[in-house]
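Chemist: I'm passing along input_27.cif; it holds mmCIF, C-alpha atoms.
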data_model
loop_
_atom_site.group_PDB
_atom_site.id
_atom_site.type_symbol
_atom_site.label_atom_id
_atom_site.label_comp_id
_atom_site.auth_asym_id
_atom_site.auth_seq_id
_atom_site.Cartn_x
_atom_site.Cartn_y
_atom_site.Cartn_z
ATOM 1 C CA MET K 1 88.097 -106.493 288.551
ATOM 2 C CA PRO K 2 87.468 -104.847 285.183
ATOM 3 C CA VAL K 3 90.331 -103.452 283.136
ATOM 4 C CA MET K 4 90.926 -99.860 284.157
ATOM 5 C CA LYS K 5 92.545 -97.115 282.120
ATOM 6 C CA GLY K 6 95.748 -95.517 283.400
ATOM 7 C CA GLY K 7 96.806 -97.857 286.186
ATOM 8 C CA GLY K 8 93.388 -97.800 287.788
ATOM 9 C CA ASN K 9 93.346 -94.047 288.313
ATOM 10 C CA ILE K 10 90.171 -92.009 288.416
ATOM 11 C CA PHE K 11 90.517 -88.254 288.000
ATOM 12 C CA LEU K 12 87.612 -85.992 288.939
ATOM 13 C CA VAL K 13 87.354 -82.644 287.179
ATOM 14 C CA GLY K 14 84.769 -79.904 287.409
ATOM 15 C CA MET K 15 84.001 -76.519 288.857
ATOM 16 C CA MET K 16 84.517 -75.556 292.485
ATOM 17 C CA GLY K 17 81.611 -76.906 294.488
ATOM 18 C CA ALA K 18 80.798 -79.701 292.016
ATOM 19 C CA GLY K 19 81.521 -82.345 294.655
ATOM 20 C CA LYS K 20 84.898 -83.639 293.487
ATOM 21 C CA THR K 21 86.358 -84.010 296.982
ATOM 22 C CA THR K 22 83.232 -85.377 298.648
ATOM 23 C CA VAL K 23 82.413 -87.840 295.873
ATOM 24 C CA GLY K 24 86.095 -88.688 295.438
ATOM 25 C CA ARG K 25 86.534 -89.721 299.066
ATOM 26 C CA LEU K 26 83.461 -91.947 298.939
ATOM 27 C CA LEU K 27 84.452 -93.439 295.583
ATOM 28 C CA ALA K 28 87.992 -94.185 296.794
ATOM 29 C CA ARG K 29 86.627 -95.899 299.901
ATOM 30 C CA ARG K 30 84.257 -98.070 297.860
ATOM 31 C CA LEU K 31 86.927 -99.004 295.312
ATOM 32 C CA LYS K 32 89.628 -99.429 297.975
ATOM 33 C CA LEU K 33 91.850 -96.848 296.284
ATOM 34 C CA ARG K 34 93.849 -93.986 297.767
ATOM 35 C CA PHE K 35 92.141 -90.570 297.677
ATOM 36 C CA VAL K 36 94.174 -87.456 296.870
ATOM 37 C CA ASP K 37 92.994 -83.850 296.571
ATOM 38 C CA SER K 38 95.372 -81.777 294.431
ATOM 39 C CA ASP K 39 94.520 -78.523 296.241
ATOM 40 C CA ARG K 40 95.281 -80.087 299.650
ATOM 41 C CA GLU K 41 98.514 -81.514 298.219
ATOM 42 C CA ILE K 42 99.567 -78.027 297.070
ATOM 43 C CA GLU K 43 98.750 -76.595 300.504
ATOM 44 C CA THR K 44 100.791 -79.339 302.174
ATOM 45 C CA ARG K 45 103.765 -78.713 299.881
ATOM 46 C CA CYS K 46 103.608 -74.942 300.419
ATOM 47 C CA GLY K 47 102.664 -74.922 304.088
ATOM 48 C CA VAL K 48 99.916 -72.341 303.492
ATOM 49 C CA LYS K 49 96.296 -72.242 302.297
ATOM 50 C CA ILE K 50 95.492 -71.581 298.640
ATOM 51 C CA PRO K 51 94.162 -68.039 299.231
ATOM 52 C CA VAL K 52 97.588 -67.124 300.671
ATOM 53 C CA ILE K 53 99.309 -68.539 297.578
ATOM 54 C CA PHE K 54 96.992 -66.438 295.384
ATOM 55 C CA GLU K 55 97.687 -63.364 297.526
ATOM 56 C CA ILE K 56 101.465 -63.749 297.358
ATOM 57 C CA GLU K 57 102.031 -65.271 293.907
ATOM 58 C CA GLY K 58 98.826 -64.453 292.048
ATOM 59 C CA GLU K 59 96.855 -66.895 289.957
ATOM 60 C CA ALA K 60 99.810 -67.516 287.614
ATOM 61 C CA GLY K 61 102.003 -68.618 290.530
ATOM 62 C CA PHE K 62 99.306 -70.905 291.819
ATOM 63 C CA ARG K 63 98.727 -72.433 288.356
ATOM 64 C CA ALA K 64 102.466 -73.181 288.039
ATOM 65 C CA ARG K 65 102.364 -75.023 291.377
ATOM 66 C CA GLU K 66 99.176 -76.793 290.317
ATOM 67 C CA ALA K 67 100.804 -78.015 287.088
ATOM 68 C CA LEU K 68 103.686 -79.571 289.044
ATOM 69 C CA ALA K 69 101.234 -81.252 291.416
ATOM 70 C CA VAL K 70 99.033 -82.597 288.605
ATOM 71 C CA GLU K 71 102.039 -83.988 286.756
ATOM 72 C CA ALA K 72 103.287 -85.781 289.879
ATOM 73 C CA LEU K 73 99.902 -87.001 291.121
ATOM 74 C CA THR K 74 98.735 -88.353 287.763
ATOM 75 C CA GLY K 75 101.953 -90.382 287.660
ATOM 76 C CA LEU K 76 100.791 -92.408 290.669
ATOM 77 C CA GLU K 77 98.781 -95.606 290.320
ATOM 78 C CA GLY K 78 95.551 -96.683 291.968
ATOM 79 C CA ILE K 79 94.288 -93.288 293.087
ATOM 80 C CA VAL K 80 91.138 -91.228 292.975
ATOM 81 C CA LEU K 81 92.258 -87.639 292.377
ATOM 82 C CA ALA K 82 90.075 -84.594 292.944
ATOM 83 C CA THR K 83 91.602 -81.820 290.863
ATOM 84 C CA GLY K 84 91.227 -78.112 291.402
ATOM 85 C CA GLY K 85 88.559 -76.442 289.289
ATOM 86 C CA GLY K 86 91.105 -74.702 287.071
ATOM 87 C CA ALA K 87 93.445 -77.638 286.540
ATOM 88 C CA VAL K 88 92.092 -78.132 283.006
ATOM 89 C CA LEU K 89 93.204 -74.650 281.936
ATOM 90 C CA ALA K 90 96.751 -75.844 281.217
ATOM 91 C CA GLU K 91 97.151 -78.080 278.176
ATOM 92 C CA PRO K 92 99.847 -80.257 279.817
ATOM 93 C CA ASN K 93 97.435 -80.950 282.702
ATOM 94 C CA ARG K 94 94.716 -82.008 280.263
ATOM 95 C CA ARG K 95 97.198 -84.263 278.476
ATOM 96 C CA HIS K 96 98.336 -85.928 281.741
ATOM 97 C CA LEU K 97 94.766 -86.413 282.934
ATOM 98 C CA SER K 98 93.614 -87.938 279.648
ATOM 99 C CA ALA K 99 96.592 -90.254 279.260
ATOM 100 C CA ARG K 100 96.944 -91.492 282.826
ATOM 101 C CA GLY K 101 93.462 -92.394 284.033
ATOM 102 C CA THR K 102 89.714 -92.357 283.615
ATOM 103 C CA VAL K 103 88.535 -88.741 283.722
ATOM 104 C CA VAL K 104 85.132 -87.980 285.207
ATOM 105 C CA TYR K 105 83.581 -84.548 284.781
ATOM 106 C CA LEU K 106 81.175 -83.710 287.597
ATOM 107 C CA SER K 107 79.042 -81.158 285.802
ATOM 108 C CA ALA K 108 76.828 -78.722 287.684
ATOM 109 C CA ARG K 109 74.879 -75.585 286.866
ATOM 110 C CA PRO K 110 76.479 -72.326 288.077
ATOM 111 C CA GLU K 111 73.394 -71.626 290.213
ATOM 112 C CA ASP K 112 73.817 -74.962 292.032
ATOM 113 C CA LEU K 113 77.539 -74.297 292.465
ATOM 114 C CA TYR K 114 76.773 -70.893 293.940
ATOM 115 C CA ASP K 115 74.416 -72.448 296.486
ATOM 116 C CA ARG K 116 77.191 -74.844 297.546
ATOM 117 C CA VAL K 117 80.116 -72.377 297.779
ATOM 118 C CA ARG K 118 78.605 -68.986 298.592
ATOM 119 C CA HIS K 119 79.658 -69.134 302.262
ATOM 120 C CA ASP K 120 83.108 -70.623 301.597
ATOM 121 C CA ARG K 121 85.821 -67.999 302.194
ATOM 122 C CA ASN K 122 88.517 -70.304 300.761
ATOM 123 C CA ARG K 123 87.635 -69.509 297.122
ATOM 124 C CA PRO K 124 89.988 -66.758 295.916
ATOM 125 C CA LEU K 125 88.450 -66.629 292.431
ATOM 126 C CA LEU K 126 85.099 -65.668 293.978
ATOM 127 C CA ALA K 127 86.476 -62.951 296.245
ATOM 128 C CA GLY K 128 84.955 -59.568 295.614
ATOM 129 C CA GLY K 129 81.547 -58.788 294.204
ATOM 130 C CA GLN K 130 79.127 -60.834 292.133
ATOM 131 C CA PRO K 131 80.268 -64.432 292.750
ATOM 132 C CA LEU K 132 77.344 -65.909 290.786
ATOM 133 C CA ALA K 133 78.282 -63.878 287.702
ATOM 134 C CA ARG K 134 81.896 -64.990 288.168
ATOM 135 C CA LEU K 135 80.822 -68.653 288.424
ATOM 136 C CA ARG K 136 78.809 -68.309 285.228
ATOM 137 C CA GLU K 137 81.810 -66.854 283.418
ATOM 138 C CA LEU K 138 84.193 -69.531 284.736
ATOM 139 C CA HIS K 139 81.694 -72.237 283.754
ATOM 140 C CA ARG K 140 81.375 -70.785 280.244
ATOM 141 C CA GLN K 141 85.173 -70.822 279.854
ATOM 142 C CA ARG K 142 85.886 -74.190 281.449
ATOM 143 C CA ASP K 143 82.957 -76.437 280.497
ATOM 144 C CA PRO K 144 84.345 -77.165 276.995
ATOM 145 C CA LEU K 145 87.743 -78.030 278.520
ATOM 146 C CA TYR K 146 86.215 -80.391 281.085
ATOM 147 C CA ARG K 147 84.228 -82.100 278.337
ATOM 148 C CA SER K 148 87.305 -82.404 276.114
ATOM 149 C CA VAL K 149 89.162 -84.532 278.693
ATOM 150 C CA ALA K 150 86.210 -86.443 280.160
ATOM 151 C CA ASP K 151 85.673 -90.134 279.596
ATOM 152 C CA ILE K 152 82.460 -89.796 281.617
ATOM 153 C CA VAL K 153 80.269 -86.734 282.168
ATOM 154 C CA LEU K 154 78.047 -86.987 285.217
ATOM 155 C CA GLU K 155 75.432 -84.312 285.812
ATOM 156 C CA THR K 156 75.212 -83.442 289.494
ATOM 157 C CA GLY K 157 72.060 -82.022 290.923
ATOM 158 C CA ALA K 158 69.945 -82.579 294.004
ATOM 159 C CA GLN K 159 70.837 -86.263 294.465
ATOM 160 C CA SER K 160 72.704 -87.315 297.606
ATOM 161 C CA VAL K 161 76.438 -87.900 297.553
ATOM 162 C CA GLN K 162 75.784 -91.613 298.031
ATOM 163 C CA ALA K 163 73.426 -91.703 295.033
ATOM 164 C CA LEU K 164 75.934 -89.773 292.943
ATOM 165 C CA ALA K 165 78.758 -92.153 293.915
ATOM 166 C CA ARG K 166 76.569 -95.186 293.083
ATOM 167 C CA GLN K 167 75.695 -93.683 289.699
ATOM 168 C CA LEU K 168 79.376 -93.009 289.056
ATOM 169 C CA LEU K 169 80.369 -96.549 290.054
ATOM 170 C CA ASP K 170 77.798 -97.908 287.592
ATOM 171 C CA ARG K 171 79.122 -95.651 284.815
ATOM 172 C CA LEU K 172 82.733 -96.595 285.578
ATOM 173 C CA GLU K 173 81.909 -100.297 285.466
ATOM 174 C CA THR K 174 80.203 -99.825 282.097
ATOM 175 C CA GLU K 175 83.184 -97.786 280.822
ATOM 176 C CA TRP K 176 85.723 -100.385 281.956
ATOM 177 C CA ASN K 177 83.734 -103.320 280.599
ATOM 178 C CA THR K 178 83.358 -101.729 277.173
ATOM 179 C CA SER K 179 87.076 -100.939 276.966
ATOM 180 C CA THR K 180 88.154 -104.582 277.286
#
Transcribe the structure of this file into structure tokens.

Modeler:
Amino acid sequence: MPVMKGGGNIFLVGMMGAGKTTVGRLLARRLKLRFVDSDREIETRCGVKIPVIFEIEGEAGFRAREALAVEALTGLEGIVLATGGGAVLAEPNRRHLSARGTVVYLSARPEDLYDRVRHDRNRPLLAGGQPLARLRELHRQRDPLYRSVADIVLETGAQSVQALARQLLDRLETEWNTST
């Protein structure tokens, strides 16, 4: 097994709909690591879905809960972690991600993201009018942050999840072999 950064952790970052959860599950299975989704972890801890947290506590309340989850989850070893799309907004989250594992940015165009999430009612930041315009704005704000923490940037497009996971495995192997 190649030498892995941060106790063998792989942290997936990117916009909502980029494929972090889907690719993360497949990657964890292939690498025989535990898969964790930070949004699901927050829901489990709170006992309610994320839109309810946003409704009751607002985005600031959710981000505070997210920061606690990211700090705890990045402290584990041997995991593939799919982070929430906004996890990189907080500097301490970026610091934990960078220091404790290999960070992979699944990059996608806002138009592709829109196609993937437009029917998903579990996206509080897209509630209301003009979700494509909102995705473009979020992408403009967050893309530099994702890139700042990423060890690997992987462009997602029309390829299958299996092809994307294979491409990521190849990139990870190259990354780990060059860091020894």

Chemist: Could you build a table of the residues in range 89-117 of chain K lying no more than 10 Å from range 165-177 of chain K, giving for each the nearest pair of atoms and their separation in Å rounded to one decimal place, using only C-alpha atoms, ordered by chain and ascending residue number, as a tab-separated table?

Modeler:
residue	atom	partner	partner_atom	distance
K:Thr102	CA	K:Leu172	CA	8.4
K:Val103	CA	K:Leu172	CA	9.9
K:Val104	CA	K:Leu168	CA	8.6
K:Leu106	CA	K:Leu168	CA	9.6

Chemist: In Å to one decimal, how far is CA of Gly85 in chain K from CA of Met16 in chain K?

Modeler: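 Calculated distance between CA of Met16 in chain K and CA of Gly85 in chain K is 5.2 Å.
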
Chemist: Quick one: residues within 12 Å of Leu81 in chain K, only C-alpha atoms, excluding same-chain residues fewer than 3 positions away - as an MDAnalysis selection string?

Modeler: chainID K and resid 8:14 20:28 33:41 69:78 84 87 97 100:105

Chemist: Please, what distance in Å, to one decimal, runs between CA of Ser98 in chain K and CA of Leu132 in chain K?

Modeler: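 We find that CA of Ser98 in chain K and CA of Leu132 in chain K lie 29.6 Å from each other.
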
Chemist: What's the separation between CA of Glu66 in chain K and CA of Gly157 in chain K, in Å to one decimal place?

Modeler: 27.6 Å

Chemist: Could you expand the PyMOL selection byres ((chain K and resi 133-142) around 12) into the explicit residues it covers here, written as number ranges by chain?

Modeler: K: 13-18, 84-90, 94, 105, 107-118, 123-132, 143-149

Chemist: Rank K:Thr83, K:Arg65, K:Arg95, K:Asp151 by their smallest atom-to-atom distance to Thr44 in chain K, using all atoms listed in the file, and report the top residue only.

Modeler: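 Using all atoms listed in the file, the shortest distance to Thr44 in chain K belongs to K:Arg65.
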
Chemist: Rank nothing, just name the residue among K:His96, K:Leu68, K:Gln159, K:Arg29 nearest to Arg45 in chain K, using only C-alpha atoms.

Modeler: K:Leu68

Chemist: Can you work out which one of K:Pro51, K:Pro92, K:Gly19, K:Gly61 has the shortest atom-to-atom distance to Ser160 in chain K, counting all atoms listed in the file?

Modeler: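 When distances to Ser160 in chain K are compared using all atoms listed in the file, the smallest one comes from K:Gly19.
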
Chemist: Applying the PyMOL selection byres ((chain K and resi 52) around 12) to the file I just gave you, which residues come out? Please list them as a PDB file with C-alpha atoms, in the frame of the given file.

Modeler:
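The resulting file, expr25.pdb, is reproduced below:
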ATOM      1  CA  ILE K  42      99.567 -78.027 297.070  1.00  0.00           C
ATOM      2  CA  GLU K  43      98.750 -76.595 300.504  1.00  0.00           C
ATOM      3  CA  CYS K  46     103.608 -74.942 300.419  1.00  0.00           C
ATOM      4  CA  GLY K  47     102.664 -74.922 304.088  1.00  0.00           C
ATOM      5  CA  VAL K  48      99.916 -72.341 303.492  1.00  0.00           C
ATOM      6  CA  LYS K  49      96.296 -72.242 302.297  1.00  0.00           C
ATOM      7  CA  ILE K  50      95.492 -71.581 298.640  1.00  0.00           C
ATOM      8  CA  PRO K  51      94.162 -68.039 299.231  1.00  0.00           C
ATOM      9  CA  ILE K  53      99.309 -68.539 297.578  1.00  0.00           C
ATOM     10  CA  PHE K  54      96.992 -66.438 295.384  1.00  0.00           C
ATOM     11  CA  GLU K  55      97.687 -63.364 297.526  1.00  0.00           C
ATOM     12  CA  ILE K  56     101.465 -63.749 297.358  1.00  0.00           C
ATOM     13  CA  GLU K  57     102.031 -65.271 293.907  1.00  0.00           C
ATOM     14  CA  GLY K  58      98.826 -64.453 292.048  1.00  0.00           C
ATOM     15  CA  GLU K  59      96.855 -66.895 289.957  1.00  0.00           C
ATOM     16  CA  GLY K  61     102.003 -68.618 290.530  1.00  0.00           C
ATOM     17  CA  PHE K  62      99.306 -70.905 291.819  1.00  0.00           C
ATOM     18  CA  ARG K 121      85.821 -67.999 302.194  1.00  0.00           C
ATOM     19  CA  ASN K 122      88.517 -70.304 300.761  1.00  0.00           C
ATOM     20  CA  ARG K 123      87.635 -69.509 297.122  1.00  0.00           C
ATOM     21  CA  PRO K 124      89.988 -66.758 295.916  1.00  0.00           C
TER      22      PRO K 124
END

Chemist: Please produce range 142-153 of chain K, completed to all heavy atoms, as a short mmCIF file (atom, residue, chain, number, x, y, z; two decimals), keeping the file's coordinate frame.

Modeler:
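What landed in part_24.cif:
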data_model
loop_
_atom_site.label_atom_id
_atom_site.label_comp_id
_atom_site.auth_asym_id
_atom_site.auth_seq_id
_atom_site.Cartn_x
_atom_site.Cartn_y
_atom_site.Cartn_z
N ARG K 142 85.30 -72.90 281.11
CA ARG K 142 85.89 -74.19 281.45
C ARG K 142 85.09 -75.40 280.99
O ARG K 142 85.67 -76.46 280.78
CB ARG K 142 86.10 -74.27 282.97
CG ARG K 142 87.12 -73.26 283.46
CD ARG K 142 87.23 -73.30 284.95
NE ARG K 142 88.19 -72.33 285.44
CZ ARG K 142 88.49 -72.15 286.71
NH1 ARG K 142 87.89 -72.90 287.63
NH2 ARG K 142 89.37 -71.25 287.07
N ASP K 143 83.78 -75.28 280.86
CA ASP K 143 82.96 -76.44 280.50
C ASP K 143 83.47 -77.16 279.25
O ASP K 143 83.59 -78.38 279.26
CB ASP K 143 81.49 -76.02 280.34
CG ASP K 143 80.58 -77.19 280.02
OD1 ASP K 143 80.39 -78.06 280.92
OD2 ASP K 143 80.07 -77.25 278.89
N PRO K 144 83.82 -76.45 278.17
CA PRO K 144 84.34 -77.17 277.00
C PRO K 144 85.65 -77.92 277.29
O PRO K 144 85.89 -78.99 276.72
CB PRO K 144 84.58 -76.06 275.96
CG PRO K 144 83.75 -74.90 276.42
CD PRO K 144 83.68 -75.01 277.91
N LEU K 145 86.48 -77.36 278.18
CA LEU K 145 87.74 -78.03 278.52
C LEU K 145 87.49 -79.29 279.34
O LEU K 145 88.12 -80.33 279.11
CB LEU K 145 88.66 -77.08 279.29
CG LEU K 145 89.11 -75.84 278.51
CD1 LEU K 145 89.87 -74.88 279.42
CD2 LEU K 145 89.93 -76.22 277.30
N TYR K 146 86.57 -79.20 280.30
CA TYR K 146 86.22 -80.39 281.08
C TYR K 146 85.70 -81.49 280.15
O TYR K 146 86.08 -82.65 280.26
CB TYR K 146 85.12 -80.08 282.11
CG TYR K 146 85.49 -79.09 283.19
CD1 TYR K 146 84.60 -78.09 283.55
CD2 TYR K 146 86.69 -79.17 283.89
CE1 TYR K 146 84.90 -77.19 284.56
CE2 TYR K 146 87.00 -78.27 284.89
CZ TYR K 146 86.10 -77.29 285.23
OH TYR K 146 86.40 -76.40 286.23
N ARG K 147 84.82 -81.11 279.25
CA ARG K 147 84.23 -82.10 278.34
C ARG K 147 85.28 -82.69 277.41
O ARG K 147 85.18 -83.87 277.03
CB ARG K 147 83.07 -81.47 277.56
CG ARG K 147 81.88 -81.19 278.46
CD ARG K 147 80.69 -80.58 277.72
NE ARG K 147 79.67 -80.18 278.67
CZ ARG K 147 78.79 -81.00 279.22
NH1 ARG K 147 78.78 -82.28 278.90
NH2 ARG K 147 77.90 -80.56 280.09
N SER K 148 86.28 -81.91 277.04
CA SER K 148 87.30 -82.40 276.11
C SER K 148 88.17 -83.50 276.73
O SER K 148 88.70 -84.34 276.00
CB SER K 148 88.19 -81.25 275.62
OG SER K 148 89.09 -80.83 276.63
N VAL K 149 88.33 -83.51 278.05
CA VAL K 149 89.16 -84.53 278.69
C VAL K 149 88.35 -85.67 279.29
O VAL K 149 88.90 -86.71 279.64
CB VAL K 149 90.08 -83.95 279.79
CG1 VAL K 149 91.06 -82.95 279.22
CG2 VAL K 149 89.29 -83.35 280.93
N ALA K 150 87.04 -85.50 279.42
CA ALA K 150 86.21 -86.44 280.16
C ALA K 150 85.94 -87.73 279.39
O ALA K 150 85.57 -87.71 278.23
CB ALA K 150 84.89 -85.79 280.53
N ASP K 151 86.13 -88.84 280.09
CA ASP K 151 85.67 -90.13 279.60
C ASP K 151 84.21 -90.32 279.97
O ASP K 151 83.47 -91.01 279.28
CB ASP K 151 86.50 -91.26 280.21
CG ASP K 151 87.97 -91.19 279.81
OD1 ASP K 151 88.25 -91.29 278.60
OD2 ASP K 151 88.82 -91.01 280.71
N ILE K 152 83.82 -89.71 281.10
CA ILE K 152 82.46 -89.80 281.62
C ILE K 152 82.04 -88.40 282.06
O ILE K 152 82.81 -87.71 282.75
CB ILE K 152 82.38 -90.76 282.83
CG1 ILE K 152 82.73 -92.18 282.41
CG2 ILE K 152 81.01 -90.70 283.50
CD1 ILE K 152 82.89 -93.14 283.57
N VAL K 153 80.85 -87.98 281.67
CA VAL K 153 80.27 -86.73 282.17
C VAL K 153 79.08 -87.12 283.04
O VAL K 153 78.18 -87.82 282.59
CB VAL K 153 79.82 -85.80 281.02
CG1 VAL K 153 79.14 -84.56 281.57
CG2 VAL K 153 80.99 -85.44 280.12
#
